[in-house]
>>> print(open('work08.cif').read())   # mmCIF, C-alpha atoms
data_model
#
loop_
_atom_site.label_atom_id
_atom_site.label_comp_id
_atom_site.auth_asym_id
_atom_site.auth_seq_id
_atom_site.Cartn_x
_atom_site.Cartn_y
_atom_site.Cartn_z
CA MET A 1 -146.97 4.46 18.92
CA ARG A 2 -150.33 6.24 18.97
CA ILE A 3 -153.68 4.57 18.31
CA LEU A 4 -155.92 6.35 15.77
CA LYS A 5 -159.35 5.51 14.42
CA LEU A 6 -159.15 4.79 10.71
CA THR A 7 -161.50 7.42 9.36
CA PRO A 8 -161.58 9.12 5.94
CA GLN A 9 -159.98 12.15 7.59
CA THR A 10 -157.15 10.06 9.07
CA GLU A 11 -156.50 8.41 5.71
CA ARG A 12 -156.42 11.74 3.87
CA TRP A 13 -153.98 13.11 6.42
CA LEU A 14 -151.64 10.13 6.10
CA LEU A 15 -151.62 10.24 2.30
CA ALA A 16 -151.26 14.04 2.18
CA ARG A 17 -148.33 13.96 4.61
CA ARG A 18 -146.49 11.51 2.36
CA THR A 19 -147.05 13.78 -0.66
CA GLN A 20 -145.83 16.87 1.21
CA GLN A 21 -142.62 15.13 2.26
CA ASP A 22 -142.00 14.04 -1.32
CA ALA A 23 -142.44 17.61 -2.62
CA GLU A 24 -139.85 19.06 -0.25
CA ALA A 25 -137.34 16.32 -1.07
CA HIS A 26 -137.93 16.88 -4.79
CA ARG A 27 -137.11 20.58 -4.48
CA ILE A 28 -133.80 19.95 -2.73
CA ALA A 29 -132.82 17.04 -4.96
CA ALA A 30 -133.57 19.06 -8.11
CA GLU A 31 -131.01 21.70 -7.12
CA ILE A 32 -128.32 19.08 -6.49
CA VAL A 33 -129.05 17.17 -9.69
CA GLN A 34 -128.90 20.30 -11.82
CA ASP A 35 -125.65 21.40 -10.20
CA VAL A 36 -123.96 18.05 -10.86
CA ARG A 37 -125.26 18.06 -14.42
CA SER A 38 -123.82 21.53 -14.97
CA ARG A 39 -120.52 21.33 -13.09
CA GLY A 40 -119.79 17.61 -13.17
CA ASP A 41 -117.01 16.40 -10.88
CA ALA A 42 -116.63 19.76 -9.16
CA ALA A 43 -120.19 19.58 -7.81
CA LEU A 44 -119.97 15.83 -7.15
CA PHE A 45 -116.82 16.24 -5.08
CA ALA A 46 -118.26 19.21 -3.17
CA TYR A 47 -121.51 17.46 -2.22
CA SER A 48 -119.66 14.28 -1.25
CA LYS A 49 -117.56 16.33 1.17
CA GLN A 50 -120.59 18.24 2.48
CA PHE A 51 -123.00 15.34 2.97
CA ASN A 52 -120.77 12.28 3.37
CA ASP A 53 -117.56 13.82 4.72
CA THR A 54 -115.65 12.09 1.93
CA ASP A 55 -112.73 13.83 0.24
CA LEU A 56 -112.90 12.24 -3.19
CA ALA A 57 -109.88 14.19 -4.40
CA LYS A 58 -107.80 12.41 -1.78
CA ALA A 59 -109.55 9.02 -1.50
CA GLY A 60 -110.46 8.67 -5.15
CA ILE A 61 -113.91 7.93 -6.52
CA TRP A 62 -113.28 4.32 -7.51
CA ILE A 63 -112.20 1.65 -5.06
CA GLU A 64 -109.16 -0.28 -6.25
CA LYS A 65 -109.57 -3.94 -7.19
CA LYS A 66 -106.90 -5.01 -4.71
CA GLU A 67 -108.89 -3.39 -1.88
CA ILE A 68 -111.99 -5.31 -2.94
CA ARG A 69 -110.09 -8.59 -3.03
CA ALA A 70 -108.45 -7.89 0.32
CA ALA A 71 -111.83 -7.15 1.94
CA ARG A 72 -113.03 -10.68 1.26
CA LYS A 73 -110.15 -12.06 3.31
CA THR A 74 -111.32 -10.06 6.34
CA THR A 75 -114.74 -11.77 6.44
CA ASN A 76 -115.41 -15.21 7.85
CA SER A 77 -116.70 -18.23 5.97
CA LYS A 78 -120.19 -18.03 7.49
CA PHE A 79 -120.65 -14.51 6.20
CA GLN A 80 -119.49 -15.57 2.76
CA ARG A 81 -121.81 -18.60 2.69
CA ALA A 82 -124.72 -16.36 3.73
CA ILE A 83 -123.98 -14.01 0.83
CA GLU A 84 -123.71 -16.92 -1.59
CA LYS A 85 -126.99 -18.46 -0.38
CA ALA A 86 -128.86 -15.17 -0.61
CA ALA A 87 -127.47 -14.51 -4.09
CA GLU A 88 -128.45 -18.02 -5.18
CA ASN A 89 -132.06 -17.47 -4.06
CA VAL A 90 -132.28 -14.04 -5.68
CA ARG A 91 -130.89 -15.48 -8.92
CA ARG A 92 -133.46 -18.27 -8.94
CA VAL A 93 -136.32 -15.80 -8.65
CA ALA A 94 -134.77 -13.46 -11.23
CA GLU A 95 -134.41 -16.34 -13.69
CA ARG A 96 -138.12 -17.03 -13.33
CA GLN A 97 -138.94 -13.34 -13.91
CA LEU A 98 -136.66 -12.96 -16.93
CA PRO A 99 -138.64 -12.05 -20.09
CA GLN A 100 -138.46 -14.78 -22.71
CA PRO A 101 -138.27 -14.54 -26.51
CA TRP A 102 -141.34 -15.68 -28.41
CA THR A 103 -142.89 -15.81 -31.85
CA ILE A 104 -146.53 -15.64 -32.85
CA GLU A 105 -148.10 -15.88 -36.30
CA THR A 106 -150.96 -13.36 -36.35
CA THR A 107 -151.91 -13.96 -39.99
CA PRO A 108 -150.71 -16.65 -42.37
CA GLY A 109 -147.24 -15.56 -43.40
CA VAL A 110 -147.03 -12.74 -40.81
CA LYS A 111 -144.98 -13.46 -37.70
CA ILE A 112 -144.26 -11.21 -34.72
CA HIS A 113 -141.11 -11.93 -32.74
CA GLN A 114 -139.94 -10.76 -29.32
CA VAL A 115 -136.17 -10.75 -28.83
CA VAL A 116 -134.73 -10.07 -25.38
CA ARG A 117 -131.43 -8.19 -25.04
CA PRO A 118 -129.66 -7.03 -21.86
CA ILE A 119 -129.24 -3.36 -21.02
CA GLU A 120 -125.71 -2.26 -21.89
CA ALA A 121 -124.78 -0.47 -18.65
CA ILE A 122 -126.49 -0.14 -15.26
CA GLY A 123 -125.75 1.53 -11.96
CA CYS A 124 -126.62 -0.14 -8.65
CA TYR A 125 -127.27 2.37 -5.89
CA ILE A 126 -126.36 0.99 -2.44
CA PRO A 127 -127.52 3.06 0.57
CA GLY A 128 -124.70 3.79 2.96
CA GLY A 129 -125.45 6.94 4.91
CA ARG A 130 -125.51 5.20 8.29
CA PHE A 131 -124.79 1.62 7.22
CA SER A 132 -123.67 -0.02 3.99
CA LEU A 133 -126.57 -2.24 2.93
CA VAL A 134 -124.85 -5.39 1.76
CA SER A 135 -128.23 -6.99 1.04
CA THR A 136 -129.04 -4.29 -1.53
CA LEU A 137 -125.90 -5.13 -3.45
CA VAL A 138 -127.15 -8.72 -3.71
CA MET A 139 -130.66 -7.60 -4.68
CA THR A 140 -129.46 -5.37 -7.52
CA VAL A 141 -126.40 -7.20 -8.84
CA ALA A 142 -127.75 -10.78 -8.88
CA PRO A 143 -130.66 -9.99 -11.27
CA ALA A 144 -128.31 -7.98 -13.49
CA LYS A 145 -126.00 -10.97 -13.74
CA VAL A 146 -128.96 -13.17 -14.66
CA ALA A 147 -129.85 -10.70 -17.41
CA SER A 148 -126.22 -10.81 -18.67
CA VAL A 149 -125.72 -7.05 -18.32
CA PRO A 150 -122.15 -6.46 -19.58
CA ASN A 151 -121.35 -3.30 -17.58
CA ILE A 152 -122.39 -3.13 -13.92
CA VAL A 153 -121.17 -0.42 -11.56
CA ALA A 154 -122.14 0.07 -7.93
CA VAL A 155 -122.09 3.26 -5.90
CA CYS A 156 -122.18 3.62 -2.12
CA PRO A 157 -121.24 6.69 -0.07
CA LYS A 158 -119.67 4.67 2.77
CA PRO A 159 -118.69 1.19 1.53
CA ASN A 160 -117.49 -1.02 4.39
CA PRO A 161 -115.34 -4.17 4.13
CA GLU A 162 -118.40 -6.44 4.17
CA LEU A 163 -119.87 -4.64 1.17
CA LEU A 164 -116.58 -4.92 -0.69
CA ALA A 165 -116.32 -8.61 0.20
CA ALA A 166 -119.84 -9.20 -1.12
CA ALA A 167 -118.94 -7.34 -4.31
CA GLU A 168 -115.96 -9.64 -4.82
CA ILE A 169 -118.17 -12.69 -4.28
CA LEU A 170 -120.71 -11.34 -6.78
CA GLY A 171 -118.06 -10.49 -9.34
CA ILE A 172 -118.33 -6.69 -9.17
CA GLU A 173 -115.10 -4.74 -9.69
CA ARG A 174 -116.37 -1.18 -10.19
CA ILE A 175 -117.52 0.49 -6.96
CA ALA A 176 -117.58 4.26 -6.45
CA ARG A 177 -117.53 6.12 -3.14
CA ILE A 178 -120.47 8.34 -4.01
CA GLY A 179 -124.11 8.51 -2.98
CA GLY A 180 -127.09 10.75 -2.40
CA ALA A 181 -128.81 12.80 -5.08
CA GLN A 182 -125.37 13.76 -6.39
CA GLY A 183 -124.49 10.10 -6.97
CA ILE A 184 -127.72 9.54 -8.89
CA ALA A 185 -127.02 12.59 -11.06
CA ALA A 186 -123.49 11.41 -11.81
CA LEU A 187 -124.75 8.00 -12.94
CA ALA A 188 -127.55 9.50 -15.03
CA TYR A 189 -125.62 12.26 -16.82
CA GLY A 190 -122.02 11.15 -16.42
CA THR A 191 -119.04 13.23 -15.28
CA LYS A 192 -115.35 13.16 -16.14
CA SER A 193 -114.84 10.47 -13.48
CA VAL A 194 -118.15 8.60 -13.62
CA PRO A 195 -119.43 7.04 -16.85
CA ARG A 196 -123.07 7.48 -17.73
CA VAL A 197 -125.30 4.40 -17.35
CA ASP A 198 -128.49 3.44 -19.13
CA LYS A 199 -130.53 2.51 -16.07
CA ILE A 200 -130.28 2.99 -12.29
CA PHE A 201 -131.42 0.39 -9.77
CA GLY A 202 -131.72 0.42 -6.00
CA PRO A 203 -133.46 2.06 -3.04
CA GLY A 204 -132.49 5.17 -1.11
CA ASN A 205 -133.72 7.93 1.12
CA LYS A 206 -136.28 10.49 0.01
CA TYR A 207 -133.64 12.64 -1.72
CA VAL A 208 -132.22 9.70 -3.66
CA THR A 209 -135.72 8.66 -4.69
CA ALA A 210 -136.57 12.19 -5.79
CA ALA A 211 -133.32 12.39 -7.77
CA LYS A 212 -134.12 9.12 -9.55
CA GLN A 213 -137.50 10.47 -10.59
CA ILE A 214 -135.94 13.74 -11.79
CA VAL A 215 -133.34 12.04 -14.01
CA SER A 216 -135.80 9.45 -15.33
CA ASN A 217 -136.57 11.65 -18.34
CA GLU A 218 -133.10 10.86 -19.69
CA CYS A 219 -131.92 7.81 -17.76
CA ALA A 220 -134.17 4.86 -17.01
CA ILE A 221 -134.82 3.86 -13.40
CA ASP A 222 -136.23 0.70 -11.89
CA LEU A 223 -138.88 2.28 -9.65
CA PRO A 224 -139.27 4.85 -6.85
CA ALA A 225 -137.95 2.95 -3.79
CA GLY A 226 -137.71 5.45 -0.97
CA PRO A 227 -138.03 5.39 2.83
CA THR A 228 -139.34 2.02 3.96
CA GLU A 229 -143.03 1.38 4.62
CA ALA A 230 -144.68 -1.51 6.40
CA ILE A 231 -148.24 -2.43 7.29
CA VAL A 232 -149.26 -5.37 9.44
CA PHE A 233 -152.96 -6.26 9.34
CA ALA A 234 -154.41 -8.72 11.83
CA GLU A 235 -157.56 -9.18 13.88
CA HIS A 236 -155.87 -11.62 16.25
CA GLY A 237 -152.43 -13.11 16.81
CA SER A 238 -149.23 -12.56 18.80
CA ALA A 239 -148.76 -8.95 19.86
CA ARG A 240 -145.06 -9.67 20.41
CA TRP A 241 -144.51 -10.91 16.88
CA ILE A 242 -146.56 -8.10 15.33
CA ALA A 243 -144.59 -5.49 17.27
CA ALA A 244 -141.30 -7.10 16.22
CA ASP A 245 -142.25 -6.90 12.53
CA LEU A 246 -143.22 -3.25 12.87
CA LEU A 247 -140.00 -2.32 14.64
CA ALA A 248 -137.82 -4.27 12.21
CA GLN A 249 -138.86 -1.75 9.55
CA ALA A 250 -139.32 1.27 11.82
CA GLU A 251 -135.66 1.34 12.81
CA HIS A 252 -134.45 1.74 9.23
CA ALA A 253 -134.68 5.54 9.43
CA LYS A 254 -136.42 8.43 11.17
CA ASP A 255 -138.96 8.67 8.34
CA ALA A 256 -139.68 4.93 8.11
CA ALA A 257 -143.44 4.40 8.23
CA SER A 258 -144.79 1.39 10.13
CA PHE A 259 -148.51 0.87 10.67
CA PHE A 260 -150.54 -1.77 12.44
CA VAL A 261 -154.11 -2.03 11.13
CA THR A 262 -156.67 -3.99 13.13
CA THR A 263 -160.36 -4.19 13.95
CA SER A 264 -159.60 -5.29 17.54
CA GLU A 265 -159.28 -2.62 20.22
CA SER A 266 -157.76 -5.09 22.66
CA LEU A 267 -155.10 -6.26 20.20
CA ALA A 268 -154.33 -2.63 19.33
CA SER A 269 -153.62 -1.92 22.99
CA GLU A 270 -151.54 -5.08 23.39
CA VAL A 271 -149.39 -4.22 20.38
CA GLN A 272 -148.96 -0.65 21.61
CA ARG A 273 -147.66 -1.93 24.97
CA GLU A 274 -145.44 -4.52 23.29
CA ILE A 275 -143.87 -1.91 21.01
CA GLN A 276 -142.91 0.15 24.03
CA THR A 277 -141.48 -2.90 25.78
CA GLN A 278 -139.36 -3.87 22.79
CA LEU A 279 -138.20 -0.30 22.23
CA GLU A 280 -136.70 -0.40 25.72
CA GLU A 281 -134.54 -3.30 24.52
CA MET A 282 -133.33 -1.34 21.50
CA PRO A 283 -131.18 1.53 22.80
CA GLU A 284 -130.33 4.27 20.32
CA SER A 285 -132.67 2.82 17.70
CA MET A 286 -134.17 5.03 14.99
CA ALA A 287 -137.46 3.32 15.81
CA TYR A 288 -137.90 5.66 18.77
CA CYS A 289 -138.26 8.55 16.34
CA SER A 290 -140.07 6.86 13.48
CA THR A 291 -142.77 5.17 15.58
CA GLN A 292 -143.70 8.55 17.03
CA ALA A 293 -143.30 10.70 13.93
CA SER A 294 -144.32 8.40 11.09
CA GLY A 295 -146.04 5.32 12.51
CA ALA A 296 -149.46 4.59 14.01
CA ILE A 297 -151.87 1.86 15.07
CA LEU A 298 -155.02 2.26 13.00
CA LEU A 299 -158.32 0.94 14.34
CA ALA A 300 -160.63 0.01 11.46
CA GLU A 301 -164.37 -0.59 11.68
CA SER A 302 -164.30 -3.63 9.40
CA VAL A 303 -162.05 -5.89 7.37
CA HIS A 304 -163.37 -4.27 4.20
CA GLN A 305 -162.39 -0.78 5.39
CA ALA A 306 -158.95 -2.00 6.44
CA CYS A 307 -158.25 -3.68 3.10
CA GLU A 308 -159.43 -0.69 1.10
CA PHE A 309 -157.09 1.56 3.07
CA ILE A 310 -154.21 -0.85 2.44
CA ASN A 311 -154.96 -0.83 -1.29
CA ARG A 312 -155.01 2.96 -1.43
CA PHE A 313 -151.84 3.28 0.66
CA ALA A 314 -150.13 0.50 -1.37
CA PRO A 315 -147.34 -0.22 1.14
CA GLU A 316 -143.88 -1.48 0.32
CA HIS A 317 -144.31 -4.38 2.78
CA LEU A 318 -147.57 -5.94 3.96
CA SER A 319 -147.82 -8.66 6.58
CA LEU A 320 -150.92 -10.83 7.00
CA PRO A 321 -149.87 -13.03 9.94
CA GLU A 322 -153.32 -14.55 10.43
CA ASP A 323 -155.97 -15.54 7.87
CA GLY A 324 -153.60 -14.61 5.06
CA GLY A 325 -155.16 -16.92 2.50
CA ARG A 326 -158.57 -15.34 2.98
CA LEU A 327 -157.30 -11.76 3.08
CA LEU A 328 -154.93 -12.06 0.13
CA ALA A 329 -157.86 -12.07 -2.30
CA LYS A 330 -158.83 -8.60 -1.04
CA ILE A 331 -155.41 -7.03 -1.62
CA ARG A 332 -154.72 -5.33 -4.95
CA ALA A 333 -151.64 -3.19 -4.29
CA SER A 334 -148.50 -3.89 -2.28
CA GLY A 335 -144.80 -4.40 -2.90
CA THR A 336 -144.40 -7.78 -1.20
CA ILE A 337 -146.93 -9.58 1.01
CA PHE A 338 -145.83 -11.85 3.86
CA LEU A 339 -148.33 -14.56 4.79
CA GLY A 340 -148.66 -16.50 8.01
CA PRO A 341 -147.12 -16.11 11.46
CA TRP A 342 -143.69 -17.25 10.23
CA GLY A 343 -143.63 -14.79 7.33
CA ALA A 344 -141.39 -12.27 9.07
CA GLN A 345 -140.69 -9.23 6.91
CA PRO A 346 -136.90 -9.23 7.47
CA LEU A 347 -136.66 -12.58 5.67
CA GLY A 348 -137.64 -10.87 2.42
CA ASP A 349 -135.11 -8.14 3.12
CA TYR A 350 -132.24 -10.58 3.03
CA ALA A 351 -132.38 -14.11 1.73
CA THR A 352 -135.68 -15.64 0.60
CA GLY A 353 -135.00 -14.65 -3.00
CA SER A 354 -137.79 -12.09 -3.13
CA ASN A 355 -136.27 -8.74 -4.09
CA HIS A 356 -136.31 -6.02 -1.46
CA VAL A 357 -136.11 -3.19 -4.01
CA LEU A 358 -139.81 -2.38 -3.89
CA PRO A 359 -142.08 0.55 -4.78
CA THR A 360 -142.84 3.04 -2.02
CA GLY A 361 -144.96 6.17 -1.89
CA GLY A 362 -148.00 4.40 -3.32
CA TRP A 363 -146.24 3.38 -6.55
CA ALA A 364 -147.29 -0.25 -6.07
CA ARG A 365 -150.72 0.85 -7.30
CA ARG A 366 -149.14 1.56 -10.66
CA GLY A 367 -148.01 -2.03 -11.12
CA LEU A 368 -144.30 -1.42 -10.50
CA GLN A 369 -142.03 -4.25 -9.39
CA HIS A 370 -138.26 -4.71 -9.49
CA SER A 371 -138.49 -6.84 -12.64
CA PRO A 372 -141.77 -5.92 -14.37
CA THR A 373 -142.66 -8.09 -17.33
CA ALA A 374 -146.12 -6.78 -18.13
CA PRO A 375 -148.08 -3.52 -17.75
CA LYS A 376 -150.23 -4.84 -14.95
CA ALA A 377 -150.06 -5.07 -11.17
CA CYS A 378 -148.20 -8.14 -9.92
CA LEU A 379 -148.49 -9.14 -6.28
CA GLU A 380 -145.53 -11.03 -4.87
CA TRP A 381 -146.17 -12.97 -1.68
CA ILE A 382 -144.07 -15.08 0.65
CA ARG A 383 -145.14 -17.88 2.98
CA SER A 384 -142.59 -19.46 5.32
CA SER A 385 -142.51 -22.19 7.94
CA ASP A 386 -140.20 -22.66 10.90
CA ARG A 387 -138.50 -25.61 9.18
CA GLU A 388 -137.85 -23.63 5.99
CA ILE A 389 -136.45 -20.68 7.93
CA ASN A 390 -134.01 -22.91 9.76
CA THR A 391 -132.77 -24.19 6.41
CA LEU A 392 -132.67 -20.74 4.82
CA LEU A 393 -130.77 -18.95 7.52
CA PRO A 394 -128.48 -21.28 9.44
CA PRO A 395 -127.58 -20.34 13.01
CA SER A 396 -124.31 -18.60 13.70
CA LYS A 397 -122.17 -18.46 16.81
CA SER A 398 -120.07 -15.41 15.92
CA SER A 399 -120.25 -12.98 18.83
CA ALA A 400 -118.31 -10.25 17.02
CA MET A 401 -121.26 -9.52 14.69
CA SER A 402 -124.29 -10.52 16.72
CA ALA A 403 -127.23 -8.61 18.07
CA ARG A 404 -129.18 -10.09 20.95
CA LEU A 405 -132.87 -9.94 21.49
CA THR A 406 -134.29 -12.20 24.17
CA CYS A 407 -137.82 -13.59 24.21
CA PRO A 408 -139.85 -15.33 26.91
CA PRO A 409 -140.50 -19.08 26.67
CA GLY A 410 -142.84 -20.11 23.88
CA PRO A 411 -142.76 -20.81 20.16
CA GLN A 412 -140.41 -18.37 18.49
CA ARG A 413 -139.96 -16.96 15.02
CA PRO A 414 -137.28 -14.75 13.49
CA SER A 415 -137.37 -11.12 14.46
CA PHE A 416 -134.42 -8.91 15.13
CA SER A 417 -132.86 -5.50 15.23
CA PRO A 418 -131.39 -4.94 11.76
CA ASN A 419 -129.61 -1.72 12.66
CA ALA A 420 -127.88 -3.32 15.62
CA ALA A 421 -126.47 -5.80 13.14
CA LYS A 422 -125.63 -3.09 10.65
CA ARG A 423 -123.50 -1.33 13.24
CA ASN A 424 -121.44 -4.50 13.35
CA GLY A 425 -121.29 -4.85 9.57
CA SER A 426 -123.00 -8.21 9.63
CA TRP A 427 -125.49 -10.46 7.82
CA PRO A 428 -128.68 -12.01 9.26
CA THR A 429 -128.74 -15.52 10.56
CA PHE A 430 -131.24 -16.95 12.99
CA SER A 431 -131.16 -19.64 15.64
CA LEU A 432 -134.66 -21.01 16.15
CA LYS A 433 -135.66 -23.18 19.08
CA GLN A 434 -139.11 -24.09 20.32
CA ASN A 435 -140.21 -23.40 23.91
CA THR A 436 -136.90 -21.99 25.13
CA PRO A 437 -135.56 -18.47 25.66
CA LYS A 438 -133.69 -17.56 22.51
CA MET A 439 -130.70 -15.46 21.47
CA ARG A 440 -131.19 -14.18 17.96
CA GLN A 441 -127.95 -13.66 16.12
CA VAL A 442 -128.13 -11.23 13.29
CA PHE A 443 -125.88 -10.71 10.30
CA LEU A 444 -126.51 -8.06 7.69
#
>>> encode(input="work08.cif", output="structure tokens")
Amino acid sequence: MRILKLTPQTERWLLARRTQQDAEAHRIAAEIVQDVRSRGDAALFAYSKQFNDTDLAKAGIWIEKKEIRAARKTTNSKFQRAIEKAAENVRRVAERQLPQPWTIETTPGVKIHQVVRPIEAIGCYIPGGRFSLVSTLVMTVAPAKVASVPNIVAVCPKPNPELLAAAEILGIERIARIGGAQGIAALAYGTKSVPRVDKIFGPGNKYVTAAKQIVSNECAIDLPAGPTEAIVFAEHGSARWIAADLLAQAEHAKDAASFFVTTSESLASEVQREIQTQLEEMPESMAYCSTQASGAILLAESVHQACEFINRFAPEHLSLPEDGGRLLAKIRASGTIFLGPWGAQPLGDYATGSNHVLPTGGWARRGLQHSPTAPKACLEWIRSSDREINTLLPPSKSSAMSARLTCPPGPQRPSFSPNAAKRNGSWPTFSLKQNTPKMRQVFL
């Protein structure tokens, strides 16, 4: 990962590059969306075959209920408990965010009432191009259940048994084998096989995100949640832990954007070396591409300059591993903020209860969150301790779905290779021990 001085020119280049990528994706997605809107199932089936290698005419769009029930039997009890725990935490947060009815008397005899009603039908988009993101099913379905939405459908281009098992645990019976911009168009406009929904939730790649924005004139969407973004800002701290947080997001996709912002030249060099060291332990990881193409270490002249850049970039994830309490007051725009050395970003991706469907592309500046309740910017932040993490994510001994990442002796915190786990169709759990080499076992 290259080291760049954070200058006005560097910032303009980074922001302009993001806009250019969005424009190209929008052009391609617009063609697909219009084709599905015009030709319905014919276009949907053709694009599913072209992009996902799925013959919907043969396999069928909708997964049968008996297949969903059978999938649960193929997963072990630890996986199921992890899903249930994550869903419980997400539900607790969603219950707190749920808009409440109220009444106010503005003038004697004149009362204004707010009544809250659930949306009639929603579609949950679950990414599945390379891996089926079980965690996204939890993040989108659990809040919908809290809101008492009567009709919930999920779509995923490549649903695996773990995703189907999670759907059965969450009480979802309607899952379609579709994805991409064509899947978004089918949900928004409806086809002969896919009923139209009122609102679409969930993250996706740049084409999915562009498609959601295109259809938003006629079908509501939660927010633009595209390729993942992460910024870590620190003036001091553990280079190993900082590098691990950056790579945990960088390996999501080739266009994942991970940035380390610092005022310390020495720490910048340490993190750069540590990233290279950890990449050598992650064979075939997408992080090799994304750290070179989309990521950077940015050397700022001051804390003020660093924080102003962060506010203008408005990242999906922001980590403040050191001095978080002091720095938090300077941050105005971010999806979720992780405070303290134990606030590892992957925890928010899976099980803390904080929703991982977050605004990307600078949309956090516009006050968007997964469950907005007011037209203002809301910052969501997470602080964790080693004791709380041990309770949240119990250790697992299953070798069939584990990814190993060894660390030298010393205090440890959770950090892992999500995609290594995804290849095994698993869910994250962590085994934390102080002052000993550690095997991290990961379940997605």
>>> closest_residue(input="work08.cif", among="A:Pro341, A:Gly226, A:Gly109, A:Pro99", to="A:Gly202", atoms="all atoms listed in the file")
A:Gly226
>>> resolve_selection(input="work08.cif", expression="the PyMOL selection byres ((chain A and resi 279-294) around 8)", output="PDB file with C-alpha atoms, in the coordinates of the input")
ATOM      1  CA  MET A   1    -146.970   4.460  18.920  1.00  0.00           C
ATOM      2  CA  ARG A   2    -150.330   6.240  18.970  1.00  0.00           C
ATOM      3  CA  LEU A 247    -140.000  -2.320  14.640  1.00  0.00           C
ATOM      4  CA  ALA A 250    -139.320   1.270  11.820  1.00  0.00           C
ATOM      5  CA  GLU A 251    -135.660   1.340  12.810  1.00  0.00           C
ATOM      6  CA  HIS A 252    -134.450   1.740   9.230  1.00  0.00           C
ATOM      7  CA  ALA A 253    -134.680   5.540   9.430  1.00  0.00           C
ATOM      8  CA  LYS A 254    -136.420   8.430  11.170  1.00  0.00           C
ATOM      9  CA  ASP A 255    -138.960   8.670   8.340  1.00  0.00           C
ATOM     10  CA  ALA A 256    -139.680   4.930   8.110  1.00  0.00           C
ATOM     11  CA  ALA A 257    -143.440   4.400   8.230  1.00  0.00           C
ATOM     12  CA  SER A 258    -144.790   1.390  10.130  1.00  0.00           C
ATOM     13  CA  ILE A 275    -143.870  -1.910  21.010  1.00  0.00           C
ATOM     14  CA  GLN A 276    -142.910   0.150  24.030  1.00  0.00           C
ATOM     15  CA  THR A 277    -141.480  -2.900  25.780  1.00  0.00           C
ATOM     16  CA  GLN A 278    -139.360  -3.870  22.790  1.00  0.00           C
ATOM     17  CA  GLY A 295    -146.040   5.320  12.510  1.00  0.00           C
ATOM     18  CA  ALA A 296    -149.460   4.590  14.010  1.00  0.00           C
ATOM     19  CA  LEU A 405    -132.870  -9.940  21.490  1.00  0.00           C
ATOM     20  CA  SER A 417    -132.860  -5.500  15.230  1.00  0.00           C
ATOM     21  CA  ASN A 419    -129.610  -1.720  12.660  1.00  0.00           C
TER      22      ASN A 419
END
>>> resolve_selection(input="work08.cif", expression="the PyMOL selection byres ((chain A and resi 75) around 10)", output="short mmCIF file (atom, residue, chain, number, x, y, z; two decimals) with C-alpha atoms, keeping the file's coordinate frame")
data_model
loop_
_atom_site.label_atom_id
_atom_site.label_comp_id
_atom_site.auth_asym_id
_atom_site.auth_seq_id
_atom_site.Cartn_x
_atom_site.Cartn_y
_atom_site.Cartn_z
CA ALA A 70 -108.45 -7.89 0.32
CA ALA A 71 -111.83 -7.15 1.94
CA ARG A 72 -113.03 -10.68 1.26
CA LYS A 73 -110.15 -12.06 3.31
CA THR A 74 -111.32 -10.06 6.34
CA ASN A 76 -115.41 -15.21 7.85
CA SER A 77 -116.70 -18.23 5.97
CA LYS A 78 -120.19 -18.03 7.49
CA PHE A 79 -120.65 -14.51 6.20
CA GLN A 80 -119.49 -15.57 2.76
CA PRO A 161 -115.34 -4.17 4.13
CA GLU A 162 -118.40 -6.44 4.17
CA ALA A 165 -116.32 -8.61 0.20
CA ALA A 166 -119.84 -9.20 -1.12
CA SER A 426 -123.00 -8.21 9.63
#
>>> resolve_selection(input="work08.cif", expression="the PyMOL selection byres ((chain A and resi 170-182) around 7)", output="PyMOL selection string")
chain A and resi 29+32-33+36+44+47-48+61-63+65+153-159+166-169+183-186+207-208+211
>>> atom_distance(input="work08.cif", atom1="atom CA of A:Arg18", atom2="atom CA of A:Val134")
27.5 Å
>>> residues_near_point(input="work08.cif", point="(-155.4, -10.7, 0.1)", cutoff="12 Å", atoms="all atoms listed in the file", output="PyMOL selection string")
chain A and resi 233-234+303-304+306-308+310-311+318-334+336-340+379-381
>>> atom_distance(input="work08.cif", atom1="atom CA of A:Ile221", atom2="atom CA of A:Leu187")
10.9 Å
>>> atom_distance(input="work08.cif", atom1="atom CA of A:Pro346", atom2="atom CA of A:Ala230")
11.0 Å
>>> closest_residue(input="work08.cif", among="A:Gly348, A:Gly204, A:Pro8, A:Pro143", to="A:Glu88", atoms="all atoms listed in the file")
A:Pro143
>>> closest_residue(input="work08.cif", among="A:Glu84, A:Glu95, A:Glu235, A:Asp245", to="A:Thr262", atoms="all atoms listed in the file")
A:Glu235
>>> closest_residue(input="work08.cif", among="A:Ala121, A:Leu164, A:Ala16, A:Ala147", to="A:Arg69", atoms="all atoms listed in the file")
A:Leu164
>>> residues_around(input="work08.cif", residues="A:Ser193", least_positions_apart="2", cutoff="7 Å", atoms="only C-alpha atoms", output="count of residues only")
3
>>> closest_residue(input="work08.cif", among="A:Thr228, A:Thr19, A:Asn217, A:Asn89", to="A:Ser354", atoms="all atoms listed in the file")
A:Asn89
>>> closest_residue(input="work08.cif", among="A:Leu347, A:Glu67, A:Lys85, A:Ile112", to="A:Leu163", atoms="all atoms listed in the file")
A:Glu67
>>> decode(input="work08.cif", residues="stretch 71-78 of chain A", atoms="C-alpha atoms", output="compact mmCIF listing (two decimals), in the first residue's frame")
# COMPACT_ATOMS: atom_id res chain seq x y z
CA ALA A 71 -30.33 -26.75 4.79
CA ARG A 72 -30.69 -26.05 8.49
CA LYS A 73 -30.06 -29.72 9.25
CA THR A 74 -26.69 -29.52 7.47
CA THR A 75 -25.34 -26.82 9.81
CA ASN A 76 -24.00 -27.44 13.30
CA SER A 77 -25.41 -26.08 16.54
CA LYS A 78 -22.61 -23.53 17.00
